[in-house]
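Visitor: This is the content of final08.cif (mmCIF, C-alpha atoms and all ligand atoms):
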```cif
data_structure
loop_
_atom_site.label_atom_id
_atom_site.label_comp_id
_atom_site.auth_asym_id
_atom_site.auth_seq_id
_atom_site.Cartn_x
_atom_site.Cartn_y
_atom_site.Cartn_z
CA MET N 1 292.23 -120.06 57.16
CA SER N 2 289.21 -117.80 57.69
CA ASP N 3 288.08 -116.31 61.03
CA ALA N 4 285.73 -119.11 62.01
CA GLY N 5 287.80 -121.99 60.55
CA ASN N 6 287.74 -124.43 57.67
CA VAL N 7 284.71 -126.66 57.11
CA LEU N 8 285.00 -129.71 54.87
CA VAL N 9 281.97 -129.87 52.56
CA THR N 10 281.62 -133.19 50.73
CA GLY N 11 279.36 -132.84 47.69
CA GLY N 12 279.86 -129.07 47.75
CA ALA N 13 279.68 -128.89 43.94
CA GLY N 14 276.08 -130.11 44.06
CA PHE N 15 272.78 -128.31 44.54
CA ILE N 16 272.44 -128.04 48.32
CA GLY N 17 276.15 -128.21 49.17
CA SER N 18 277.00 -125.24 46.94
CA HIS N 19 274.29 -123.12 48.57
CA VAL N 20 275.62 -124.05 52.00
CA CYS N 21 279.15 -123.04 50.90
CA LYS N 22 277.90 -119.55 50.03
CA ARG N 23 276.31 -119.19 53.48
CA LEU N 24 279.37 -120.64 55.24
CA ALA N 25 281.60 -118.06 53.55
CA ALA N 26 279.20 -115.25 54.49
CA ALA N 27 279.32 -116.48 58.11
CA GLY N 28 283.14 -116.32 58.19
CA TYR N 29 283.98 -119.99 57.57
CA GLN N 30 286.13 -121.25 54.72
CA PRO N 31 284.32 -124.05 52.86
CA ILE N 32 286.67 -126.74 51.51
CA VAL N 33 284.78 -128.66 48.84
CA LEU N 34 285.54 -132.36 48.38
CA ASP N 35 283.61 -133.58 45.33
CA ASN N 36 284.30 -136.12 42.59
CA LEU N 37 282.16 -134.07 40.16
CA SER N 38 280.19 -137.19 39.24
CA ARG N 39 276.96 -135.22 39.58
CA GLY N 40 278.19 -131.76 40.52
CA PHE N 41 279.69 -128.81 38.69
CA ARG N 42 283.07 -127.15 39.01
CA SER N 43 281.38 -123.82 38.25
CA SER N 44 279.23 -124.16 41.40
CA VAL N 45 282.33 -124.03 43.64
CA LYS N 46 282.91 -120.31 44.19
CA TRP N 47 283.63 -119.71 47.87
CA GLY N 48 286.70 -121.80 48.61
CA PRO N 49 289.02 -124.45 47.21
CA LEU N 50 287.77 -127.50 45.32
CA GLU N 51 289.46 -130.84 45.93
CA VAL N 52 288.36 -133.22 43.19
CA ALA N 53 288.30 -136.52 45.05
CA ASP N 54 286.05 -139.39 45.99
CA ILE N 55 284.98 -139.77 49.62
CA GLY N 56 285.66 -143.49 49.21
CA ASP N 57 289.36 -142.83 48.59
CA GLY N 58 290.65 -142.92 52.16
CA ALA N 59 294.20 -141.85 51.32
CA ARG N 60 293.01 -138.72 49.46
CA VAL N 61 290.51 -137.88 52.20
CA ARG N 62 293.24 -138.13 54.87
CA GLU N 63 295.54 -135.94 52.80
CA ILE N 64 292.78 -133.30 52.48
CA LEU N 65 291.97 -133.46 56.20
CA ASN N 66 295.65 -133.05 57.08
CA ARG N 67 296.08 -130.14 54.69
CA TYR N 68 293.03 -128.09 55.76
CA ARG N 69 292.44 -129.28 59.34
CA PRO N 70 288.68 -128.60 59.27
CA ILE N 71 286.83 -127.76 62.48
CA GLY N 72 283.74 -129.54 61.13
CA VAL N 73 282.49 -131.73 58.30
CA MET N 74 279.27 -131.31 56.33
CA HIS N 75 278.52 -134.46 54.37
CA PHE N 76 276.29 -133.91 51.33
CA SER N 77 277.89 -136.23 48.79
CA ALA N 78 275.59 -139.05 47.76
CA PHE N 79 273.51 -140.32 44.87
CA THR N 80 270.01 -138.98 45.39
CA SER N 81 267.49 -140.46 42.96
CA VAL N 82 264.89 -142.82 44.44
CA GLY N 83 264.09 -144.36 41.04
CA GLU N 84 267.75 -144.98 40.22
CA SER N 85 268.27 -146.53 43.66
CA VAL N 86 265.51 -149.04 42.93
CA GLN N 87 267.18 -149.91 39.59
CA GLN N 88 270.75 -149.98 40.93
CA PRO N 89 270.69 -150.65 44.68
CA ALA N 90 274.32 -151.76 44.87
CA LEU N 91 275.44 -148.44 43.39
CA TYR N 92 273.54 -146.62 46.15
CA TYR N 93 274.79 -148.81 48.99
CA SER N 94 278.33 -148.54 47.68
CA ASN N 95 278.40 -144.76 47.19
CA ASN N 96 276.10 -143.64 50.00
CA VAL N 97 277.00 -146.17 52.68
CA GLY N 98 280.31 -147.86 51.80
CA ALA N 99 282.11 -144.69 50.74
CA THR N 100 280.69 -142.84 53.76
CA ALA N 101 282.25 -145.50 56.04
CA VAL N 102 285.65 -144.71 54.50
CA LEU N 103 285.08 -140.97 55.00
CA LEU N 104 283.96 -141.52 58.60
CA GLN N 105 287.03 -143.57 59.48
CA ALA N 106 289.30 -140.80 58.19
CA VAL N 107 287.29 -138.12 60.03
CA ILE N 108 287.51 -140.07 63.30
CA GLU N 109 291.29 -140.45 62.87
CA HIS N 110 291.38 -136.69 62.31
CA GLY N 111 290.00 -136.13 65.83
CA ALA N 112 286.26 -136.60 65.24
CA PRO N 113 285.17 -132.98 64.67
CA PRO N 114 281.43 -132.17 64.51
CA PHE N 115 279.79 -133.99 61.60
CA VAL N 116 276.59 -132.71 59.95
CA PHE N 117 274.95 -135.27 57.67
CA SER N 118 272.40 -134.73 54.88
CA SER N 119 269.66 -137.19 55.72
CA THR N 120 266.15 -137.27 54.34
CA ALA N 121 262.47 -137.67 55.13
CA ALA N 122 262.71 -140.83 52.99
CA ILE N 123 263.96 -142.65 56.11
CA TYR N 124 260.38 -142.49 57.48
CA GLY N 125 258.81 -144.28 54.51
CA ASN N 126 255.04 -143.99 54.22
CA PRO N 127 253.96 -141.83 57.15
CA ALA N 128 251.65 -143.42 59.70
CA SER N 129 250.46 -139.90 60.52
CA VAL N 130 251.35 -136.33 59.56
CA PRO N 131 253.06 -134.09 60.43
CA VAL N 132 255.98 -136.47 60.84
CA ASP N 133 258.25 -135.95 63.84
CA GLU N 134 261.69 -137.45 64.41
CA ASP N 135 260.34 -140.30 66.56
CA HIS N 136 258.13 -141.58 63.75
CA PRO N 137 259.18 -145.18 62.93
CA HIS N 138 262.08 -145.36 60.52
CA ARG N 139 260.75 -147.59 57.75
CA PRO N 140 262.26 -146.50 54.42
CA ILE N 141 260.64 -148.09 51.38
CA ASN N 142 263.48 -147.82 48.84
CA PRO N 143 267.26 -148.36 48.71
CA TYR N 144 267.94 -144.60 48.69
CA GLY N 145 266.06 -144.10 51.98
CA ARG N 146 267.66 -147.21 53.48
CA SER N 147 271.15 -146.02 52.48
CA LYS N 148 270.56 -142.78 54.39
CA LEU N 149 269.18 -144.59 57.44
CA TYR N 150 272.21 -146.92 57.52
CA VAL N 151 274.49 -143.88 57.64
CA GLU N 152 272.50 -142.54 60.61
CA HIS N 153 273.12 -145.89 62.34
CA MET N 154 276.84 -145.70 61.49
CA LEU N 155 277.01 -142.22 62.98
CA ALA N 156 275.34 -143.36 66.20
CA ASP N 157 277.82 -146.26 66.44
CA ALA N 158 280.76 -143.93 65.74
CA ASN N 159 279.51 -141.65 68.51
CA GLN N 160 279.43 -144.56 70.95
CA ALA N 161 282.84 -145.84 69.92
CA SER N 162 284.77 -142.62 69.30
CA GLY N 163 282.66 -139.74 70.59
CA LEU N 164 282.02 -138.37 67.08
CA PRO N 165 279.43 -135.58 67.54
CA TRP N 166 276.86 -135.73 64.75
CA VAL N 167 273.57 -134.33 63.58
CA ALA N 168 271.54 -135.89 60.78
CA LEU N 169 269.44 -133.19 59.16
CA ARG N 170 266.42 -134.87 57.60
CA TYR N 171 265.32 -132.66 54.74
CA PHE N 172 261.89 -132.81 53.24
CA ASN N 173 261.78 -131.47 49.61
CA ALA N 174 264.59 -129.00 49.00
CA ALA N 175 263.48 -126.22 46.64
CA GLY N 176 264.30 -122.70 45.48
CA CYS N 177 267.73 -121.42 44.46
CA ASP N 178 270.16 -118.69 45.41
CA PRO N 179 268.10 -115.48 44.93
CA ASP N 180 271.23 -113.82 43.41
CA GLY N 181 271.31 -116.48 40.67
CA GLU N 182 274.98 -117.33 41.32
CA ILE N 183 274.16 -121.03 41.75
CA GLY N 184 271.06 -123.17 41.35
CA GLU N 185 269.58 -126.63 41.05
CA ARG N 186 271.13 -128.78 38.29
CA HIS N 187 270.10 -132.41 38.43
CA ASP N 188 270.16 -134.52 35.30
CA PRO N 189 267.68 -136.04 34.96
CA GLU N 190 265.65 -133.73 37.19
CA THR N 191 263.27 -135.54 39.53
CA HIS N 192 262.06 -132.66 41.71
CA LEU N 193 258.64 -131.19 41.07
CA ILE N 194 259.30 -127.44 41.10
CA PRO N 195 262.21 -127.50 38.60
CA ILE N 196 260.33 -130.02 36.44
CA ILE N 197 257.35 -127.66 36.18
CA VAL N 198 259.51 -124.57 35.73
CA ARG N 199 261.43 -126.27 32.92
CA ALA N 200 258.16 -127.38 31.30
CA ALA N 201 256.92 -123.78 31.46
CA LEU N 202 260.10 -122.61 29.74
CA LYS N 203 260.06 -125.29 27.06
CA GLY N 204 256.30 -125.53 26.55
CA SER N 205 256.40 -129.26 27.37
CA THR N 206 253.84 -131.36 29.26
CA VAL N 207 254.06 -132.30 32.96
CA SER N 208 252.78 -135.63 34.29
CA ILE N 209 250.67 -135.68 37.43
CA PHE N 210 250.94 -139.14 38.98
CA GLY N 211 247.43 -139.67 40.33
CA ASP N 212 244.67 -137.12 40.93
CA ASP N 213 242.43 -139.34 43.04
CA TYR N 214 244.26 -139.17 46.38
CA ASP N 215 242.40 -138.33 49.55
CA THR N 216 243.47 -134.66 49.47
CA PRO N 217 241.41 -131.52 48.75
CA ASP N 218 242.27 -131.46 45.02
CA GLY N 219 243.15 -135.15 44.63
CA THR N 220 246.89 -134.61 44.07
CA CYS N 221 249.74 -135.43 46.46
CA ILE N 222 250.76 -132.89 49.09
CA ARG N 223 254.44 -132.29 49.87
CA ASP N 224 256.51 -130.07 52.13
CA TYR N 225 258.95 -127.75 50.27
CA ILE N 226 261.82 -126.13 52.08
CA HIS N 227 263.98 -123.36 50.60
CA VAL N 228 267.61 -124.35 50.07
CA ASN N 229 268.82 -121.22 51.89
CA ASP N 230 266.77 -122.20 54.93
CA LEU N 231 268.54 -125.57 54.79
CA ALA N 232 271.86 -123.74 54.55
CA ASP N 233 271.13 -121.67 57.66
CA ALA N 234 270.24 -124.83 59.58
CA HIS N 235 273.59 -126.43 58.70
CA ILE N 236 275.53 -123.56 60.22
CA LEU N 237 273.31 -123.61 63.32
CA ALA N 238 273.85 -127.38 63.59
CA LEU N 239 277.63 -126.97 63.43
CA LYS N 240 277.48 -124.38 66.23
CA TYR N 241 275.11 -126.60 68.22
CA LEU N 242 277.58 -129.50 68.10
CA ALA N 243 280.53 -127.21 68.84
CA ARG N 244 278.83 -126.14 72.10
CA GLY N 245 278.31 -129.77 73.10
CA GLY N 246 274.77 -130.37 71.79
CA LYS N 247 273.47 -133.94 71.87
CA SER N 248 273.88 -135.98 68.69
CA CYS N 249 270.54 -136.76 67.01
CA GLY N 250 268.37 -136.58 63.90
CA ILE N 251 266.55 -133.29 63.24
CA ASN N 252 263.81 -132.62 60.67
CA LEU N 253 264.14 -129.65 58.35
CA ALA N 254 260.77 -128.87 56.84
CA ASN N 255 258.36 -126.10 56.07
CA SER N 256 255.58 -127.67 58.18
CA LYS N 257 253.18 -126.61 55.43
CA GLY N 258 252.10 -128.79 52.55
CA PHE N 259 251.34 -127.84 48.97
CA SER N 260 249.57 -130.07 46.45
CA VAL N 261 250.94 -130.77 42.98
CA ARG N 262 248.13 -128.63 41.54
CA GLU N 263 249.01 -125.76 43.91
CA VAL N 264 252.63 -125.92 42.77
CA LEU N 265 251.48 -125.91 39.13
CA ALA N 266 249.23 -122.90 39.67
CA THR N 267 252.03 -121.06 41.46
CA VAL N 268 254.51 -121.71 38.65
CA GLU N 269 251.94 -120.53 36.08
CA ARG N 270 251.34 -117.35 38.07
CA VAL N 271 255.04 -116.59 38.61
CA CYS N 272 256.10 -117.45 35.05
CA GLY N 273 253.04 -115.94 33.39
CA ARG N 274 252.78 -119.04 31.19
CA PRO N 275 250.32 -121.95 31.13
CA VAL N 276 251.71 -125.44 31.72
CA ALA N 277 250.13 -128.43 29.96
CA VAL N 278 249.48 -131.44 32.21
CA LYS N 279 248.50 -135.05 31.73
CA ILE N 280 247.23 -137.40 34.40
CA ASP N 281 249.24 -140.62 34.74
CA PRO N 282 248.65 -143.53 37.13
CA ARG N 283 249.81 -143.25 40.74
CA ARG N 284 253.41 -144.27 41.39
CA PRO N 285 253.86 -147.13 43.87
CA GLY N 286 255.02 -145.91 47.26
CA ASP N 287 253.90 -142.28 46.87
CA PRO N 288 252.12 -141.28 50.10
CA ALA N 289 249.16 -138.88 49.74
CA VAL N 290 250.56 -136.36 52.21
CA LEU N 291 254.08 -135.82 53.55
CA ILE N 292 254.64 -132.91 55.91
CA GLY N 293 257.36 -132.55 58.52
CA LYS N 294 257.26 -131.35 62.10
CA THR N 295 260.12 -129.05 63.08
CA GLU N 296 259.78 -128.39 66.83
CA ARG N 297 263.14 -130.10 67.47
CA ALA N 298 264.98 -127.84 65.01
CA LYS N 299 263.45 -124.82 66.70
CA GLU N 300 264.24 -126.03 70.20
CA LEU N 301 267.79 -127.33 69.64
CA LEU N 302 269.06 -125.11 66.84
CA GLY N 303 266.87 -122.02 67.19
CA TRP N 304 265.92 -122.57 63.53
CA SER N 305 262.69 -121.93 61.72
CA PRO N 306 262.24 -121.45 57.97
CA LYS N 307 262.22 -117.86 56.70
CA ARG N 308 261.38 -118.60 53.08
CA SER N 309 258.43 -120.94 53.54
CA ASP N 310 256.30 -119.05 51.02
CA LEU N 311 255.86 -121.28 47.94
CA GLU N 312 255.75 -118.31 45.58
CA LEU N 313 259.16 -117.16 46.79
CA GLN N 314 260.62 -120.63 46.27
CA VAL N 315 259.19 -120.83 42.75
CA ARG N 316 260.33 -117.29 41.90
CA ASP N 317 263.94 -118.09 42.85
CA ALA N 318 263.87 -121.30 40.81
CA TRP N 319 262.35 -119.50 37.82
CA ASN N 320 264.93 -116.73 38.05
CA TRP N 321 267.75 -119.29 37.90
CA TYR N 322 266.36 -121.32 35.01
CA GLU N 323 265.26 -118.35 32.94
CA ASN N 324 268.23 -116.03 33.44
CA PHE N 325 271.20 -118.11 34.45
CA LEU N 326 270.81 -121.61 33.05
CA PRO N 327 269.15 -121.08 29.69
CA SER N 328 270.52 -124.25 28.13
CA VAL N 329 268.52 -126.81 30.16
N1 LIG N 401 267.56 -132.39 46.98
C1 LIG N 401 266.70 -132.79 47.92
O1 LIG N 401 265.49 -132.47 47.89
C2 LIG N 401 267.19 -133.64 49.07
C3 LIG N 401 266.25 -134.08 50.02
C4 LIG N 401 266.71 -134.85 51.10
C5 LIG N 401 268.06 -135.16 51.24
N2 LIG N 401 268.94 -134.72 50.29
C6 LIG N 401 270.37 -135.08 50.46
O2 LIG N 401 271.14 -133.89 50.34
C7 LIG N 401 272.42 -134.18 49.76
C8 LIG N 401 272.68 -133.24 48.61
O3 LIG N 401 271.65 -133.37 47.64
P1 LIG N 401 271.70 -132.53 46.27
O4 LIG N 401 270.30 -132.39 45.79
O5 LIG N 401 272.53 -131.33 46.48
O6 LIG N 401 272.47 -133.57 45.33
P2 LIG N 401 273.50 -133.28 44.13
O7 LIG N 401 273.51 -134.51 43.29
O8 LIG N 401 273.21 -131.98 43.49
O9 LIG N 401 274.90 -133.16 44.89
C9 LIG N 401 275.62 -134.31 45.34
C10 LIG N 401 277.09 -134.05 45.11
O10 LIG N 401 277.84 -135.14 45.64
C11 LIG N 401 278.88 -135.46 44.71
N3 LIG N 401 279.25 -136.87 44.95
C12 LIG N 401 278.47 -137.97 44.81
N4 LIG N 401 279.16 -139.07 45.16
C13 LIG N 401 280.41 -138.67 45.54
C14 LIG N 401 281.56 -139.33 46.03
N5 LIG N 401 281.60 -140.66 46.18
N6 LIG N 401 282.66 -138.59 46.34
C15 LIG N 401 282.66 -137.25 46.18
N7 LIG N 401 281.58 -136.56 45.72
C16 LIG N 401 280.46 -137.27 45.41
C17 LIG N 401 278.29 -135.19 43.35
O11 LIG N 401 279.27 -134.98 42.35
C18 LIG N 401 277.45 -133.93 43.63
O12 LIG N 401 278.21 -132.75 43.43
C19 LIG N 401 272.37 -135.66 49.37
O13 LIG N 401 273.05 -136.40 50.36
C20 LIG N 401 270.90 -135.99 49.37
O14 LIG N 401 270.67 -137.35 49.69
C21 LIG N 401 268.54 -133.99 49.21
#
```
Could you quickly redo this structure as structure tokens?

Guide:
Amino acid sequence: MSDAGNVLVTGGAGFIGSHVCKRLAAAGYQPIVLDNLSRGFRSSVKWGPLEVADIGDGARVREILNRYRPIGVMHFSAFTSVGESVQQPALYYSNNVGATAVLLQAVIEHGAPPFVFSSTAAIYGNPASVPVDEDHPHRPINPYGRSKLYVEHMLADANQASGLPWVALRYFNAAGCDPDGEIGERHDPETHLIPIIVRAALKGSTVSIFGDDYDTPDGTCIRDYIHVNDLADAHILALKYLARGGKSCGINLANSKGFSVREVLATVERVCGRPVAVKIDPRRPGDPAVLIGKTERAKELLGWSPKRSDLELQVRDAWNWYENFLPSV
């Protein structure tokens, strides 16, 4: 065991979980990755043991908890594509909600250590106003968002019943990659804007803009991008917050600044030194014009604020990864 203790990281072979593992190790914790590798990569697990297992397999989860005796759990494992969740809702409810219930039961039997959950701004649905704070109504508009909200409800119930301390970190759009290029974003298919544009720049392919007639300065949608290492820092702060008896709750993790699709495009073109061809497609149903998060709670409770909010920095790290370390995509 390391100085600060073992932390169980479900989904630690994925994009955000692997970045958090690197930060956990740097902070003196030993990350124990539990991942079924359905959407993650063995090669992304570099800072502690990998247990190839499904969180829905209660017997395996108990065995892993008994072996490593973690002082906290960070729960990243989930399916994460909004479009896929609309096509296959049962898959999302089964993997994101049902399997999480199995994990939770085992964690509670293990003594209910602090539990940090990867939630999402998708639980808010179409924002009634921006920036969105944590008290905004929770009205998800797709099965993915609902699956995450149901887990937040399960956590609140588990807290009532068993005292499980929890924080649900509601990320806006995770972006960037490890600046050292040791790990990066690898979704297949990729649905996130920055990697889509970076990959188009590398391949010389065309990027679709879904609507350029929104009520925004340049007509394209505005989103809030948060660097994955800023997310990683917040997870460690959240673990410490719960360990010192902090109140269980949902906390936004956002940049608090919005960038339009055209601003992201221009930034990628500048960083990559290559033009990117675009075509304008119809709006996608359910896409709000502007989505920006408010992060006062993260600052107040965790002492967190983003350090890599600059869009150019986020794009540069993503470009570095795709160009130098993942040339086959
Ligand atoms: N990427 C974003 O912008 C974003 C935004 C908001 C919330 N989130 C949440 O953050 C978390 C991580 O997202 P990501 O982008 O790193 O996703 P990812 O797909 O890269 O990683 C998810 C990991 O979970 C694993 N996994 C899935 N189901 C499993 C199961 N039943 N048992 C064990 N392992 C399983 C996969 O193999 C994968 O390694 C997810 O919960 C996601 O909902 C992500």

Visitor: To one decimal place in Å, what is the distance between CA of Pro288 (chain N) and CA of Glu134 (chain N)?

Guide: 17.6 Å

Visitor: Can I get the residues of chain N within 7 Å of ligand LIG 401 (chain N), each with the closest pair of atoms and their distance in Å to one decimal, using all atoms listed in the file, sorted chain first then ascending number, as CSV?

Guide:
```
residue,atom,partner,partner_atom,distance
N:Thr10,CA,N:LIG401,N7,6.0
N:Gly11,CA,N:LIG401,O10,3.4
N:Gly12,CA,N:LIG401,O12,5.9
N:Ala13,CA,N:LIG401,O12,4.2
N:Gly14,CA,N:LIG401,O9,3.4
N:Phe15,CA,N:LIG401,O5,3.6
N:Ile16,CA,N:LIG401,O5,3.8
N:Gly17,CA,N:LIG401,O5,5.5
N:Leu34,CA,N:LIG401,C15,6.1
N:Asp35,CA,N:LIG401,N7,3.6
N:Asn36,CA,N:LIG401,C15,4.1
N:Leu37,CA,N:LIG401,O11,3.7
N:Ser38,CA,N:LIG401,O11,3.9
N:Arg39,CA,N:LIG401,O11,3.6
N:Gly40,CA,N:LIG401,O12,3.1
N:Phe41,CA,N:LIG401,O12,6.3
N:Ala53,CA,N:LIG401,C15,5.8
N:Asp54,CA,N:LIG401,N6,3.5
N:Ile55,CA,N:LIG401,N6,4.2
N:Gly56,CA,N:LIG401,N5,5.8
N:Phe76,CA,N:LIG401,C7,4.2
N:Ser77,CA,N:LIG401,O10,3.3
N:Ala78,CA,N:LIG401,C12,4.3
N:Phe79,CA,N:LIG401,C12,5.5
N:Thr80,CA,N:LIG401,O14,4.6
N:Asn95,CA,N:LIG401,N5,5.3
N:Ala99,CA,N:LIG401,N5,6.1
N:Ser118,CA,N:LIG401,O2,4.8
N:Ser119,CA,N:LIG401,C5,5.2
N:Thr120,CA,N:LIG401,C4,4.1
N:Ala121,CA,N:LIG401,C4,6.5
N:Arg170,CA,N:LIG401,C4,6.5
N:Tyr171,CA,N:LIG401,C4,4.5
N:Phe172,CA,N:LIG401,C3,5.6
N:Asn173,CA,N:LIG401,O1,4.2
N:Ala174,CA,N:LIG401,O1,3.8
N:Ala175,CA,N:LIG401,O1,6.7
N:Glu185,CA,N:LIG401,O8,6.9
N:Arg186,CA,N:LIG401,O8,6.5
N:His187,CA,N:LIG401,O8,6.0
```

Visitor: Which residues are close to Ile222 (chain N), i.e. within 8 Å by all atoms listed in the file, leaving aside same-chain residues fewer than 5 positions away? Reply as a compact mmCIF listing (two decimals) with C-alpha atoms, in the coordinates of the input.

Guide:
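Everything below was put into part07.txt:
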```txt
# COMPACT_ATOMS: atom_id res chain seq x y z
CA THR N 216 243.47 -134.66 49.47
CA GLY N 258 252.10 -128.79 52.55
CA PHE N 259 251.34 -127.84 48.97
CA SER N 260 249.57 -130.07 46.45
CA VAL N 261 250.94 -130.77 42.98
CA ALA N 289 249.16 -138.88 49.74
CA VAL N 290 250.56 -136.36 52.21
CA LEU N 291 254.08 -135.82 53.55
CA ILE N 292 254.64 -132.91 55.91
```

Visitor: Tell me which of N:Arg297, N:Val7, N:Gly83, N:Gly98 sits closest to Ile64 (chain N), counting all atoms listed in the file.

Guide: N:Val7

Visitor: From the list N:Ala128, N:Ala106, N:Val276, N:Ala25, which residue is nearest Gly204 (chain N) when using only C-alpha atoms?

Guide: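 Of the candidates, the smallest distance to Gly204 (chain N) is held by N:Val276.
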
Visitor: In Å to one decimal, how far is CA of Pro127 (chain N) from CA of Val86 (chain N)?

Guide: 19.7 Å

Visitor: What is the distance, in Å and to one decimal place, between CA of Pro114 (chain N) and CA of Ala238 (chain N)?

Guide: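 About the pair CA of Pro114 (chain N) and CA of Ala238 (chain N): they are 9.0 Å apart.
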
Visitor: Under the rule that only C-alpha atoms are counted, which of N:Glu84, N:Asp233, N:Glu182, N:Glu300 is the nearest residue to Trp321 (chain N)?

Guide: N:Glu182

Visitor: Compile the contact shell of Pro285 (chain N) as number ranges by chain: residues with an atom at most 12 Å away, counting only C-alpha atoms, same-chain residues fewer than 5 positions apart removed.

Guide: N: 82-83, 86, 126, 141-142, 210-211

Visitor: Could you tell me which of N:Ser309, N:Trp166, N:Ala318, N:Asp224 comes closest to His153 (chain N) if we count only C-alpha atoms?

Guide: N:Trp166
